[in-house]
$ cat run_22.txt   # compact mmCIF, C-alpha atoms
# COMPACT_ATOMS: atom_id res chain seq x y z
CA MET A 154 -290.85 -30.57 -51.52
CA ALA A 155 -287.41 -30.82 -53.08
CA ALA A 156 -285.13 -28.39 -54.90
CA ASP A 157 -281.48 -28.11 -55.79
CA VAL A 158 -281.28 -24.78 -53.96
CA LEU A 159 -283.63 -23.11 -51.49
CA VAL A 160 -283.36 -19.34 -51.21
CA VAL A 161 -284.88 -17.87 -48.05
CA GLY A 162 -285.96 -14.28 -48.68
CA ALA A 163 -287.52 -12.61 -51.72
CA GLY A 164 -285.78 -9.26 -51.45
CA PRO A 165 -283.44 -8.00 -54.17
CA VAL A 166 -280.60 -10.36 -53.18
CA GLY A 167 -282.71 -13.50 -53.13
CA LEU A 168 -284.43 -12.55 -56.38
CA LEU A 169 -281.20 -11.99 -58.33
CA LEU A 170 -279.78 -15.24 -57.01
CA ALA A 171 -282.93 -17.20 -57.87
CA GLY A 172 -283.05 -15.79 -61.38
CA ASP A 173 -279.42 -16.73 -62.03
CA LEU A 174 -279.89 -20.28 -60.77
CA ALA A 175 -283.09 -20.79 -62.75
CA GLU A 176 -281.38 -19.53 -65.91
CA ALA A 177 -278.62 -22.09 -65.33
CA GLY A 178 -281.18 -24.90 -65.17
CA VAL A 179 -280.98 -25.28 -61.39
CA ALA A 180 -284.23 -26.20 -59.62
CA VAL A 181 -284.60 -23.27 -57.21
CA THR A 182 -287.39 -22.34 -54.82
CA VAL A 183 -287.65 -19.03 -52.99
CA LEU A 184 -289.28 -19.14 -49.55
CA GLU A 185 -290.69 -15.83 -48.32
CA ARG A 186 -292.69 -15.28 -45.14
CA ARG A 187 -294.58 -12.38 -46.74
CA THR A 188 -297.54 -13.27 -48.92
CA THR A 189 -296.75 -10.62 -51.56
CA GLY A 190 -293.82 -8.54 -52.74
CA SER A 191 -292.53 -5.76 -50.51
CA ASN A 192 -293.75 -2.17 -50.67
CA LEU A 193 -291.02 -1.00 -48.28
CA THR A 194 -288.21 1.02 -49.79
CA ARG A 195 -285.03 1.86 -47.93
CA ALA A 196 -282.51 1.72 -50.76
CA PHE A 197 -282.77 4.42 -53.41
CA GLY A 198 -279.48 4.13 -55.27
CA VAL A 199 -278.20 1.51 -57.69
CA HIS A 200 -274.47 1.95 -58.17
CA ALA A 201 -272.45 1.48 -61.35
CA ARG A 202 -271.06 -1.97 -60.54
CA THR A 203 -274.54 -3.26 -59.73
CA LEU A 204 -275.81 -1.85 -63.03
CA GLU A 205 -272.99 -3.72 -64.75
CA HIS A 206 -274.19 -6.95 -63.14
CA LEU A 207 -277.72 -6.19 -64.32
CA ASP A 208 -276.35 -5.48 -67.80
CA VAL A 209 -274.82 -8.97 -67.80
CA ARG A 210 -278.36 -10.24 -67.08
CA GLY A 211 -279.96 -8.12 -69.79
CA VAL A 212 -282.19 -6.10 -67.43
CA ALA A 213 -280.14 -2.94 -66.78
CA ASP A 214 -282.02 -0.85 -69.34
CA GLU A 215 -285.35 -1.95 -67.90
CA LEU A 216 -284.38 -0.72 -64.43
CA ILE A 217 -282.74 2.46 -65.73
CA ALA A 218 -286.07 3.40 -67.32
CA THR A 219 -287.61 3.57 -63.83
CA GLY A 220 -285.16 6.09 -62.38
CA MET A 221 -282.94 9.08 -62.91
CA PRO A 222 -279.12 9.31 -63.13
CA LEU A 223 -277.15 11.23 -60.51
CA ARG A 224 -273.67 12.01 -61.81
CA GLU A 225 -272.34 13.71 -58.68
CA LEU A 226 -272.72 12.15 -55.23
CA ARG A 227 -272.58 14.72 -52.46
CA LEU A 228 -271.38 13.34 -49.14
CA PHE A 229 -271.04 16.50 -47.06
CA ASP A 230 -271.59 20.24 -47.48
CA ARG A 231 -268.91 20.77 -50.13
CA VAL A 232 -267.56 17.25 -50.62
CA ALA A 233 -268.80 15.51 -53.77
CA LEU A 234 -267.67 12.59 -55.92
CA ASP A 235 -267.72 12.89 -59.70
CA LEU A 236 -269.33 9.64 -60.84
CA ALA A 237 -269.38 10.72 -64.50
CA LYS A 238 -265.67 9.87 -64.71
CA LEU A 239 -266.10 6.25 -63.61
CA PRO A 240 -264.54 3.77 -66.11
CA SER A 241 -267.96 2.28 -66.81
CA ARG A 242 -270.82 2.82 -69.25
CA TYR A 243 -272.81 3.65 -66.10
CA GLY A 244 -271.07 6.80 -64.91
CA TYR A 245 -273.75 7.67 -62.38
CA LEU A 246 -275.84 6.54 -59.44
CA LEU A 247 -279.29 5.44 -60.60
CA VAL A 248 -281.87 6.93 -58.26
CA THR A 249 -284.83 4.56 -58.15
CA PRO A 250 -286.76 3.07 -55.22
CA GLN A 251 -285.83 -0.43 -54.11
CA THR A 252 -289.30 -1.65 -55.05
CA HIS A 253 -288.48 -1.05 -58.72
CA THR A 254 -285.33 -3.13 -58.43
CA GLU A 255 -287.34 -5.91 -56.83
CA ASP A 256 -290.03 -5.74 -59.52
CA VAL A 257 -287.47 -6.14 -62.31
CA LEU A 258 -285.64 -8.99 -60.58
CA ARG A 259 -288.84 -10.81 -59.56
CA ALA A 260 -290.20 -10.70 -63.11
CA ARG A 261 -286.90 -12.08 -64.42
CA ALA A 262 -286.80 -14.91 -61.86
CA GLU A 263 -290.41 -15.88 -62.62
CA ARG A 264 -289.82 -15.73 -66.36
CA LEU A 265 -286.82 -18.06 -66.04
CA GLY A 266 -288.73 -20.62 -63.99
CA ALA A 267 -287.85 -19.99 -60.35
CA LYS A 268 -290.56 -21.23 -57.98
CA PHE A 269 -291.90 -19.16 -55.09
CA GLY A 270 -293.32 -20.22 -51.76
CA TRP A 271 -295.11 -17.11 -50.51
CA GLY A 272 -296.20 -17.15 -46.89
CA ALA A 273 -293.48 -19.71 -46.07
CA ASP A 274 -292.22 -18.62 -42.64
CA VAL A 275 -289.01 -20.62 -42.09
CA ARG A 276 -288.68 -21.68 -38.47
CA ALA A 277 -286.09 -24.47 -38.41
CA LEU A 278 -283.42 -26.08 -40.56
CA THR A 279 -281.04 -28.98 -40.26
CA GLN A 280 -278.32 -30.18 -42.58
CA ASP A 281 -276.21 -33.25 -43.23
CA ASP A 282 -274.02 -34.60 -46.03
CA SER A 283 -277.03 -35.09 -48.30
CA GLY A 284 -278.57 -31.63 -48.04
CA VAL A 285 -280.64 -29.22 -45.99
CA ASP A 286 -284.10 -29.76 -44.51
CA VAL A 287 -286.36 -26.81 -43.73
CA THR A 288 -289.57 -26.62 -41.72
CA THR A 289 -291.95 -23.66 -41.93
CA ALA A 290 -294.39 -22.33 -39.35
CA ASP A 291 -297.32 -24.16 -40.96
CA GLY A 292 -295.49 -27.50 -40.91
CA GLN A 293 -294.40 -27.58 -44.56
CA ARG A 294 -291.11 -29.36 -45.15
CA TYR A 295 -288.58 -28.62 -47.88
CA HIS A 296 -285.35 -30.37 -48.86
CA SER A 297 -282.50 -29.04 -50.97
CA ARG A 298 -278.88 -29.72 -51.71
CA TYR A 299 -277.92 -26.16 -50.71
CA LEU A 300 -279.65 -23.24 -49.02
CA VAL A 301 -278.99 -19.50 -49.15
CA GLY A 302 -280.20 -17.22 -46.38
CA ALA A 303 -281.09 -13.86 -47.91
CA ASP A 304 -283.61 -13.17 -45.17
CA GLY A 305 -282.32 -9.87 -43.86
CA VAL A 306 -280.88 -8.44 -40.69
CA ARG A 307 -283.08 -10.62 -38.44
CA SER A 308 -282.10 -13.74 -40.38
CA VAL A 309 -283.64 -16.96 -39.11
CA VAL A 310 -281.18 -18.88 -41.28
CA ARG A 311 -278.21 -17.21 -39.59
CA ASP A 312 -279.61 -18.04 -36.16
CA GLN A 313 -280.36 -21.65 -37.13
CA VAL A 314 -276.78 -22.35 -38.18
CA GLY A 315 -275.48 -20.80 -34.96
CA LEU A 316 -273.69 -17.77 -36.38
CA SER A 317 -273.34 -14.65 -34.27
CA PHE A 318 -273.87 -11.16 -35.70
CA PRO A 319 -271.40 -8.96 -33.84
CA GLY A 320 -271.47 -5.20 -34.15
CA ARG A 321 -273.44 -2.28 -32.81
CA SER A 322 -276.11 0.26 -33.54
CA VAL A 323 -274.73 3.37 -35.20
CA LEU A 324 -277.85 5.50 -35.45
CA LYS A 325 -281.00 5.11 -33.40
CA SER A 326 -284.43 6.48 -34.21
CA ILE A 327 -283.93 7.27 -37.89
CA MET A 328 -287.21 8.68 -39.17
CA LEU A 329 -288.72 7.60 -42.49
CA ALA A 330 -291.56 9.47 -44.12
CA ASP A 331 -293.16 9.32 -47.56
CA VAL A 332 -294.49 12.81 -48.24
CA ARG A 333 -295.54 15.28 -50.88
CA LEU A 334 -293.52 18.48 -51.20
CA ALA A 335 -294.93 21.88 -52.12
CA GLU A 336 -291.40 23.02 -53.02
CA PRO A 337 -289.53 20.05 -54.55
CA PRO A 338 -285.72 20.38 -54.42
CA GLU A 339 -283.84 21.35 -57.54
CA ASP A 340 -281.33 18.54 -57.08
CA LEU A 341 -282.29 14.91 -57.60
CA LEU A 342 -281.02 13.92 -54.15
CA VAL A 343 -280.68 16.33 -51.27
CA VAL A 344 -278.71 15.49 -48.14
CA ASN A 345 -277.05 17.53 -45.42
CA GLY A 346 -275.94 17.19 -41.81
CA VAL A 347 -275.68 19.91 -39.20
CA GLY A 348 -274.07 18.16 -36.27
CA ASP A 349 -277.34 17.70 -34.38
CA GLY A 350 -278.87 15.68 -37.21
CA PHE A 351 -279.27 15.18 -40.92
CA ALA A 352 -281.93 14.91 -43.59
CA PHE A 353 -281.99 13.06 -46.92
CA VAL A 354 -284.68 13.55 -49.57
CA ALA A 355 -285.18 11.33 -52.66
CA PRO A 356 -288.02 11.07 -55.19
CA PHE A 357 -290.22 8.00 -55.65
CA GLY A 358 -291.18 9.21 -59.11
CA ASP A 359 -294.91 9.16 -58.35
CA GLY A 360 -295.17 12.61 -56.77
CA PHE A 361 -294.08 11.42 -53.33
CA TYR A 362 -290.63 11.80 -51.76
CA ARG A 363 -288.88 9.64 -49.18
CA VAL A 364 -287.33 11.55 -46.30
CA PHE A 365 -284.71 9.98 -44.04
CA ALA A 366 -284.06 12.15 -41.00
CA TRP A 367 -282.21 11.85 -37.71
CA ASP A 368 -282.24 14.15 -34.70
CA ARG A 369 -279.43 13.73 -32.16
CA ARG A 370 -281.54 15.58 -29.57
CA HIS A 371 -284.51 13.22 -29.77
CA GLN A 372 -283.61 9.54 -30.02
CA VAL A 373 -286.43 7.24 -29.00
CA PRO A 374 -287.34 3.54 -29.51
CA ASP A 375 -288.30 2.36 -32.98
CA ASP A 376 -291.92 1.88 -31.93
CA ALA A 377 -292.34 5.42 -30.56
CA PRO A 378 -295.07 7.48 -32.29
CA LEU A 379 -293.88 9.72 -35.12
CA GLU A 380 -295.54 12.95 -36.17
CA LEU A 381 -294.83 14.81 -39.40
CA GLU A 382 -293.84 17.96 -37.51
CA GLU A 383 -290.86 16.10 -36.01
CA VAL A 384 -289.64 15.24 -39.53
CA ARG A 385 -290.28 18.80 -40.70
CA ASP A 386 -288.27 20.25 -37.82
CA ILE A 387 -285.04 18.34 -38.39
CA THR A 388 -285.39 18.78 -42.16
CA ARG A 389 -285.60 22.57 -41.72
CA ARG A 390 -282.55 22.56 -39.46
CA SER A 391 -280.56 20.37 -41.85
CA LEU A 392 -281.57 21.80 -45.22
CA GLY A 393 -282.71 25.30 -44.28
CA THR A 394 -286.24 24.47 -45.47
CA ASP A 395 -288.83 21.76 -44.99
CA LEU A 396 -289.66 21.97 -48.73
CA GLY A 397 -293.32 22.45 -47.97
CA MET A 398 -293.60 18.93 -46.54
CA ARG A 399 -297.19 17.66 -46.34
CA GLU A 400 -299.50 14.68 -46.86
CA ALA A 401 -297.50 11.84 -45.33
CA ARG A 402 -298.77 8.48 -46.60
CA TRP A 403 -296.43 6.47 -44.37
CA MET A 404 -294.04 7.14 -41.49
CA SER A 405 -291.87 4.94 -39.30
CA ARG A 406 -288.64 4.74 -37.31
CA PHE A 407 -285.75 2.31 -37.53
CA HIS A 408 -282.20 1.99 -36.26
CA SER A 409 -279.08 1.47 -38.33
CA ASP A 410 -276.54 -1.18 -37.33
CA GLU A 411 -273.02 -2.08 -38.34
CA ARG A 412 -272.72 -5.86 -38.14
CA GLN A 413 -271.08 -8.71 -39.99
CA ALA A 414 -271.37 -12.47 -39.56
CA PRO A 415 -268.00 -14.16 -38.91
CA HIS A 416 -268.65 -16.62 -41.73
CA TYR A 417 -270.76 -16.59 -44.88
CA ARG A 418 -270.84 -20.39 -45.19
CA VAL A 419 -271.68 -23.16 -42.74
CA GLY A 420 -271.70 -26.51 -44.51
CA ARG A 421 -274.40 -26.40 -47.19
CA VAL A 422 -275.84 -23.10 -45.97
CA PHE A 423 -274.75 -19.65 -47.19
CA LEU A 424 -275.60 -16.12 -46.10
CA ALA A 425 -275.96 -13.15 -48.46
CA GLY A 426 -277.01 -9.52 -48.21
CA ASP A 427 -278.25 -8.14 -44.89
CA ALA A 428 -278.25 -11.63 -43.39
CA ALA A 429 -274.44 -11.55 -43.73
CA HIS A 430 -273.68 -7.85 -43.22
CA VAL A 431 -275.45 -4.58 -42.48
CA HIS A 432 -274.01 -1.11 -42.86
CA SER A 433 -274.89 2.48 -42.19
CA PRO A 434 -276.95 4.03 -45.02
CA ALA A 435 -274.09 6.38 -45.95
CA GLY A 436 -273.07 6.05 -49.58
CA GLY A 437 -276.02 3.83 -50.46
CA GLN A 438 -273.91 0.67 -50.47
CA GLY A 439 -276.06 -1.80 -48.51
CA MET A 440 -278.37 -3.26 -51.18
CA ASN A 441 -275.63 -2.97 -53.80
CA THR A 442 -273.20 -5.02 -51.73
CA GLY A 443 -275.86 -7.69 -51.25
CA LEU A 444 -276.63 -7.89 -54.96
CA GLN A 445 -272.94 -8.28 -55.66
CA ASP A 446 -272.87 -11.13 -53.08
CA ALA A 447 -275.57 -12.87 -55.11
CA ALA A 448 -273.72 -12.33 -58.39
CA ASN A 449 -270.63 -13.97 -56.86
CA LEU A 450 -272.43 -16.97 -55.37
CA SER A 451 -274.97 -17.89 -58.05
CA TRP A 452 -272.59 -19.03 -60.79
CA LYS A 453 -270.49 -20.99 -58.30
CA LEU A 454 -273.52 -22.97 -57.12
CA ALA A 455 -274.53 -23.57 -60.73
CA GLU A 456 -271.06 -24.85 -61.70
CA VAL A 457 -270.82 -27.19 -58.72
CA LEU A 458 -274.34 -28.54 -59.16
CA ALA A 459 -273.62 -29.20 -62.85
CA GLY A 460 -270.44 -31.08 -61.90
CA ARG A 461 -268.20 -28.81 -63.94
CA LEU A 462 -266.15 -27.50 -61.02
CA PRO A 463 -265.31 -29.01 -57.61
CA GLU A 464 -267.31 -28.36 -54.47
CA SER A 465 -264.33 -26.51 -52.99
CA LEU A 466 -265.19 -23.62 -55.35
CA LEU A 467 -267.99 -22.72 -52.94
CA ASP A 468 -265.44 -21.84 -50.26
CA THR A 469 -264.27 -18.94 -52.42
CA TYR A 470 -267.62 -17.18 -51.89
CA GLU A 471 -266.65 -16.35 -48.31
CA THR A 472 -262.99 -15.84 -49.20
CA GLU A 473 -263.91 -13.18 -51.75
CA ARG A 474 -267.04 -11.55 -50.33
CA HIS A 475 -266.28 -11.38 -46.60
CA PRO A 476 -263.39 -8.89 -47.06
CA ILE A 477 -265.60 -6.77 -49.33
CA GLY A 478 -268.33 -6.70 -46.69
CA ARG A 479 -265.81 -5.66 -44.07
CA LEU A 480 -264.44 -2.91 -46.33
CA VAL A 481 -267.91 -1.52 -47.02
CA LEU A 482 -268.75 -1.63 -43.32
CA ARG A 483 -265.66 0.42 -42.51
CA SER A 484 -266.04 2.93 -45.36
CA SER A 485 -269.76 3.58 -44.81
CA GLY A 486 -269.11 3.81 -41.08
CA ALA A 487 -266.41 6.41 -41.65
CA ILE A 488 -268.77 8.47 -43.83
CA ILE A 489 -271.57 8.46 -41.26
CA ARG A 490 -269.23 9.36 -38.40
CA LEU A 491 -267.82 12.24 -40.39
CA ALA A 492 -271.36 13.37 -41.19
CA MET A 493 -272.24 13.31 -37.47
CA ILE A 494 -269.41 15.64 -36.41
CA LYS A 495 -271.04 18.23 -34.17
CA PRO A 496 -268.65 21.19 -33.65
CA LEU A 497 -268.88 23.72 -36.47
CA LEU A 498 -265.12 24.23 -36.72
CA LEU A 499 -264.53 20.50 -37.08
CA ARG A 500 -267.21 20.26 -39.77
CA GLU A 501 -265.56 23.09 -41.70
CA ALA A 502 -262.16 21.39 -41.37
CA ARG A 503 -263.71 18.12 -42.60
CA ASN A 504 -265.11 19.86 -45.66
CA ARG A 505 -261.83 21.59 -46.52
CA VAL A 506 -259.64 18.52 -46.07
CA LEU A 507 -261.91 16.00 -47.78
CA GLY A 508 -262.93 18.44 -50.50
CA ALA A 509 -259.28 19.02 -51.34
CA ALA A 510 -258.53 15.28 -51.23
CA VAL A 511 -261.26 14.17 -53.66
CA SER A 512 -260.31 16.99 -56.04
CA VAL A 513 -256.97 15.21 -56.59
CA PRO A 514 -257.77 12.90 -59.54
CA PRO A 515 -256.20 9.65 -58.22
CA LEU A 516 -257.85 10.07 -54.81
CA GLY A 517 -261.17 11.09 -56.31
CA ARG A 518 -261.14 8.07 -58.64
CA ARG A 519 -260.31 5.74 -55.77
CA ALA A 520 -263.13 7.08 -53.59
CA SER A 521 -265.65 6.95 -56.45
CA GLY A 522 -264.52 3.47 -57.41
CA MET A 523 -264.93 2.16 -53.88
CA ILE A 524 -268.41 3.58 -53.31
CA SER A 525 -269.66 2.64 -56.78
CA GLY A 526 -268.11 -0.84 -56.57
CA VAL A 527 -266.29 -0.35 -59.88
CA GLY A 528 -262.96 -0.10 -58.08
CA LEU A 529 -263.37 -3.27 -56.01
CA ARG A 530 -261.59 -6.51 -56.82
CA TYR A 531 -260.87 -9.88 -55.23
CA ALA A 532 -257.41 -10.89 -54.07
CA PRO A 533 -255.78 -13.40 -56.46
CA PRO A 534 -255.13 -16.89 -55.03
CA ALA A 535 -251.56 -17.70 -54.06
CA GLY A 536 -249.40 -18.15 -57.14
CA ALA A 537 -252.06 -16.84 -59.54
CA ASP A 538 -251.54 -14.06 -62.06
CA ARG A 539 -252.21 -10.63 -60.55
CA LEU A 540 -255.11 -10.12 -62.97
CA VAL A 541 -257.09 -12.97 -61.41
CA GLY A 542 -259.90 -11.54 -59.30
CA ALA A 543 -259.86 -8.15 -61.01
CA ARG A 544 -263.05 -6.63 -62.38
CA ALA A 545 -263.34 -7.32 -66.09
CA ALA A 546 -264.43 -4.06 -67.68
CA ASP A 547 -266.95 -4.26 -70.51
CA ARG A 548 -265.45 -3.90 -73.98
CA PRO A 549 -266.34 -4.57 -77.61
CA LEU A 550 -265.42 -8.03 -78.86
CA PRO A 551 -266.16 -10.04 -81.99
CA GLY A 552 -269.78 -11.09 -81.58
CA GLY A 553 -270.76 -8.30 -79.18
CA ARG A 554 -269.81 -6.56 -75.98
CA LEU A 555 -268.16 -8.65 -73.26
CA TYR A 556 -271.13 -8.25 -70.91
CA GLU A 557 -273.52 -9.36 -73.65
CA LEU A 558 -271.43 -12.48 -74.26
CA LEU A 559 -271.51 -13.30 -70.54
CA ARG A 560 -275.32 -13.49 -70.54
CA GLY A 561 -276.85 -16.78 -69.57
CA GLY A 562 -274.24 -17.44 -66.89
CA ARG A 563 -271.51 -18.13 -69.45
CA PHE A 564 -267.75 -17.71 -69.25
CA VAL A 565 -265.90 -15.80 -71.95
CA TYR A 566 -262.40 -16.77 -73.02
CA ILE A 567 -260.51 -13.97 -74.79
CA GLY A 568 -257.40 -15.12 -76.64
CA PRO A 569 -255.52 -15.08 -79.95
CA ARG A 570 -256.90 -18.47 -81.03
CA ARG A 571 -259.63 -20.88 -80.02
CA PRO A 572 -258.35 -23.65 -77.71
CA ALA A 573 -258.53 -27.23 -78.93
CA THR A 574 -261.09 -28.03 -76.24
CA LEU A 575 -263.50 -25.53 -74.77
CA PRO A 576 -266.50 -26.32 -72.55
CA ASP A 577 -269.88 -25.67 -74.13
CA HIS A 578 -270.72 -22.84 -71.71
CA VAL A 579 -267.52 -20.92 -72.52
CA VAL A 580 -267.70 -18.40 -75.37
CA PHE A 581 -264.55 -17.77 -77.38
CA ALA A 582 -263.80 -14.20 -78.45
CA ARG A 583 -260.68 -13.35 -80.38
CA GLY A 584 -258.50 -10.77 -78.69
CA SER A 585 -255.14 -10.08 -77.14
CA GLY A 586 -253.98 -11.95 -74.08
CA GLU A 587 -255.35 -15.20 -72.68
CA VAL A 588 -258.03 -14.31 -70.15
CA LEU A 589 -261.00 -16.32 -68.90
CA VAL A 590 -263.76 -14.02 -67.61
CA ARG A 591 -266.12 -15.54 -65.05
CA PRO A 592 -269.91 -15.13 -65.26
CA ASP A 593 -269.72 -12.39 -62.61
CA ALA A 594 -267.43 -10.27 -64.82
CA HIS A 595 -264.24 -10.90 -62.86
CA VAL A 596 -261.09 -12.46 -64.26
CA GLY A 597 -261.00 -16.13 -63.29
CA TRP A 598 -257.91 -17.40 -65.08
CA VAL A 599 -254.99 -16.23 -67.21
CA GLY A 600 -253.73 -18.77 -69.74
CA ASP A 601 -255.26 -21.86 -71.34
CA PRO A 602 -258.80 -22.15 -69.86
CA ALA A 603 -258.45 -25.93 -69.70
CA GLY A 604 -256.36 -25.41 -66.58
CA TYR A 605 -259.26 -23.67 -64.83
CA PHE A 606 -261.79 -26.44 -65.47
CA ALA A 607 -259.30 -29.23 -64.73
CA ARG A 608 -258.91 -28.18 -61.10
$ encode --input "run_22.txt" --output "structure tokens"
Amino acid sequence: MAADVLVVGAGPVGLLLAGDLAEAGVAVTVLERRTTGSNLTRAFGVHARTLEHLDVRGVADELIATGMPLRELRLFDRVALDLAKLPSRYGYLLVTPQTHTEDVLRARAERLGAKFGWGADVRALTQDDSGVDVTTADGQRYHSRYLVGADGVRSVVRDQVGLSFPGRSVLKSIMLADVRLAEPPEDLLVVNGVGDGFAFVAPFGDGFYRVFAWDRRHQVPDDAPLELEEVRDITRRSLGTDLGMREARWMSRFHSDERQAPHYRVGRVFLAGDAAHVHSPAGGQGMNTGLQDAANLSWKLAEVLAGRLPESLLDTYETERHPIGRLVLRSSGAIIRLAMIKPLLLREARNRVLGAAVSVPPLGRRASGMISGVGLRYAPPAGADRLVGARAADRPLPGGRLYELLRGGRFVYIGPRRPATLPDHVVFARGSGEVLVRPDAHVGWVGDPAGYFAR
């Protein structure tokens, strides 16, 4: 079976990538070892920059309808970030279970023509100058020009290309429980740490709540039995109440790692999402970082496969996304370590110092921008204008908003006059400056766009 691109993994990252490629006319097949979509939710927050990427794809409103906006993100006892002031139309964290994100992205990918191989358990892959060959557990063989491993923290793709995954476990024996609450919290999200542990509570929207809890005093293997009373106990100590926790429909344990692959590309094979990097759950940045990986890579594959830009463009995926992954790993790690401070006096000092810091507008904006992704940018190439690599904020333009004009994987050139020659997939919008906006809503070029496509 042949395809232009094989995507291994039908989680959020693989689904967004597959939908983008299918929309660009690329023959894409998603291989997933599961036989159906996932019912496991770990991510509950969709940040502003991810919502902007979904807006570009025309599905942001559909996902927003499944959740609730949180305009203040509380990190510690009295330390909170004001997301309402973000320079984005999405000045909030959308609280919605990961399964809803997957449902929206899967429907889009299917609608656009992506093919799915459910029950395809990838076991081996080889590559050469002509492409990548994959063999599954049942002996099926697939061939593609490129392959993307979006197959999670235990990535078979990463192992097959010989990449290490250095790092360490940050938290062991995190408890997960889906429960009903007799006394639902007033706030949309509730989280607090008390030195010996923490608890996090978020709504599914169907009457059940997901509880994440960790107890420093009782760390056991992931496969150790879990009783609801253990979750109740640490929740009471962390929040002052167990919220009337009852009727658990599912419980489990997992451990949280901080790891990053040394490379995101090996020949014709790329890594994205948890296959490339995993972070602590602090700040809710894991799934969001992966989706932003996909938004960066998809248009580059499409351009190269269409012959519009050189193959060397694909190297910029690692150049741009690896530093972002490293930054998120460090920032989320810092948050979780601060949350785990045990001595009471140190926790109080943390709250005073950080609370005062984020109340200073420039510092608060920087922290909110980093966690939400709105403040992240890519370094400009040597000799390029300083605007290259910056996030292109949405704005009204003749013919519609910028993000609407980007839909379909198009570029948008904003300038005082239409150039003499402009590729068919570049939309011209009259405006000040001479800026070419890439399909992932970052500035790609300043000046005549012909220079960008003539590289």
$ residues_near_point --input "run_22.txt" --point "(-281.4, 15.9, -39.2)" --cutoff "6 Å" --atoms "all atoms listed in the file" --output "list of chain:residue names"
A:Gly350, A:Phe351, A:Ala352, A:Ala366, A:Trp367, A:Asp368, A:Ile387, A:Thr388, A:Ser391
$ write_last_selection --input "run_22.txt" --atoms "C-alpha atoms" --output "short mmCIF file (atom, residue, chain, number, x, y, z; two decimals), in the frame of the given file"
data_model
loop_
_atom_site.label_atom_id
_atom_site.label_comp_id
_atom_site.auth_asym_id
_atom_site.auth_seq_id
_atom_site.Cartn_x
_atom_site.Cartn_y
_atom_site.Cartn_z
CA GLY A 350 -278.87 15.68 -37.21
CA PHE A 351 -279.27 15.18 -40.92
CA ALA A 352 -281.93 14.91 -43.59
CA ALA A 366 -284.06 12.15 -41.00
CA TRP A 367 -282.21 11.85 -37.71
CA ASP A 368 -282.24 14.15 -34.70
CA ILE A 387 -285.04 18.34 -38.39
CA THR A 388 -285.39 18.78 -42.16
CA SER A 391 -280.56 20.37 -41.85
#
$ atom_distance --input "run_22.txt" --atom1 "atom CA of A:Gly426" --atom2 "atom CA of A:Asp375"
22.4 Å
$ residues_around --input "run_22.txt" --residues "stretch 547-562 of chain A" --least-positions-apart "4" --cutoff "9 Å" --atoms "all atoms listed in the file" --output "PyMOL selection string"
chain A and resi 173-174+176-177+205-206+208-211+241-242+451-452+455+567+578-580+582-584+590-594
$ write_last_selection --input "run_22.txt" --atoms "C-alpha atoms" --output "short mmCIF file (atom, residue, chain, number, x, y, z; two decimals), in the frame of the given file"
data_model
loop_
_atom_site.label_atom_id
_atom_site.label_comp_id
_atom_site.auth_asym_id
_atom_site.auth_seq_id
_atom_site.Cartn_x
_atom_site.Cartn_y
_atom_site.Cartn_z
CA ASP A 173 -279.42 -16.73 -62.03
CA LEU A 174 -279.89 -20.28 -60.77
CA GLU A 176 -281.38 -19.53 -65.91
CA ALA A 177 -278.62 -22.09 -65.33
CA GLU A 205 -272.99 -3.72 -64.75
CA HIS A 206 -274.19 -6.95 -63.14
CA ASP A 208 -276.35 -5.48 -67.80
CA VAL A 209 -274.82 -8.97 -67.80
CA ARG A 210 -278.36 -10.24 -67.08
CA GLY A 211 -279.96 -8.12 -69.79
CA SER A 241 -267.96 2.28 -66.81
CA ARG A 242 -270.82 2.82 -69.25
CA SER A 451 -274.97 -17.89 -58.05
CA TRP A 452 -272.59 -19.03 -60.79
CA ALA A 455 -274.53 -23.57 -60.73
CA ILE A 567 -260.51 -13.97 -74.79
CA HIS A 578 -270.72 -22.84 -71.71
CA VAL A 579 -267.52 -20.92 -72.52
CA VAL A 580 -267.70 -18.40 -75.37
CA ALA A 582 -263.80 -14.20 -78.45
CA ARG A 583 -260.68 -13.35 -80.38
CA GLY A 584 -258.50 -10.77 -78.69
CA VAL A 590 -263.76 -14.02 -67.61
CA ARG A 591 -266.12 -15.54 -65.05
CA PRO A 592 -269.91 -15.13 -65.26
CA ASP A 593 -269.72 -12.39 -62.61
CA ALA A 594 -267.43 -10.27 -64.82
#
$ residues_near_point --input "run_22.txt" --point "(-269.5, -13.0, -38.0)" --cutoff "8 Å" --atoms "only C-alpha atoms" --output "PDB file with C-alpha atoms, in the coordinates of the input"
ATOM      1  CA  LEU A 316    -273.690 -17.770 -36.380  1.00  0.00           C
ATOM      2  CA  SER A 317    -273.340 -14.650 -34.270  1.00  0.00           C
ATOM      3  CA  PHE A 318    -273.870 -11.160 -35.700  1.00  0.00           C
ATOM      4  CA  PRO A 319    -271.400  -8.960 -33.840  1.00  0.00           C
ATOM      5  CA  ARG A 412    -272.720  -5.860 -38.140  1.00  0.00           C
ATOM      6  CA  GLN A 413    -271.080  -8.710 -39.990  1.00  0.00           C
ATOM      7  CA  ALA A 414    -271.370 -12.470 -39.560  1.00  0.00           C
ATOM      8  CA  PRO A 415    -268.000 -14.160 -38.910  1.00  0.00           C
ATOM      9  CA  HIS A 416    -268.650 -16.620 -41.730  1.00  0.00           C
ATOM     10  CA  TYR A 417    -270.760 -16.590 -44.880  1.00  0.00           C
ATOM     11  CA  ALA A 429    -274.440 -11.550 -43.730  1.00  0.00           C
TER      12      ALA A 429
END
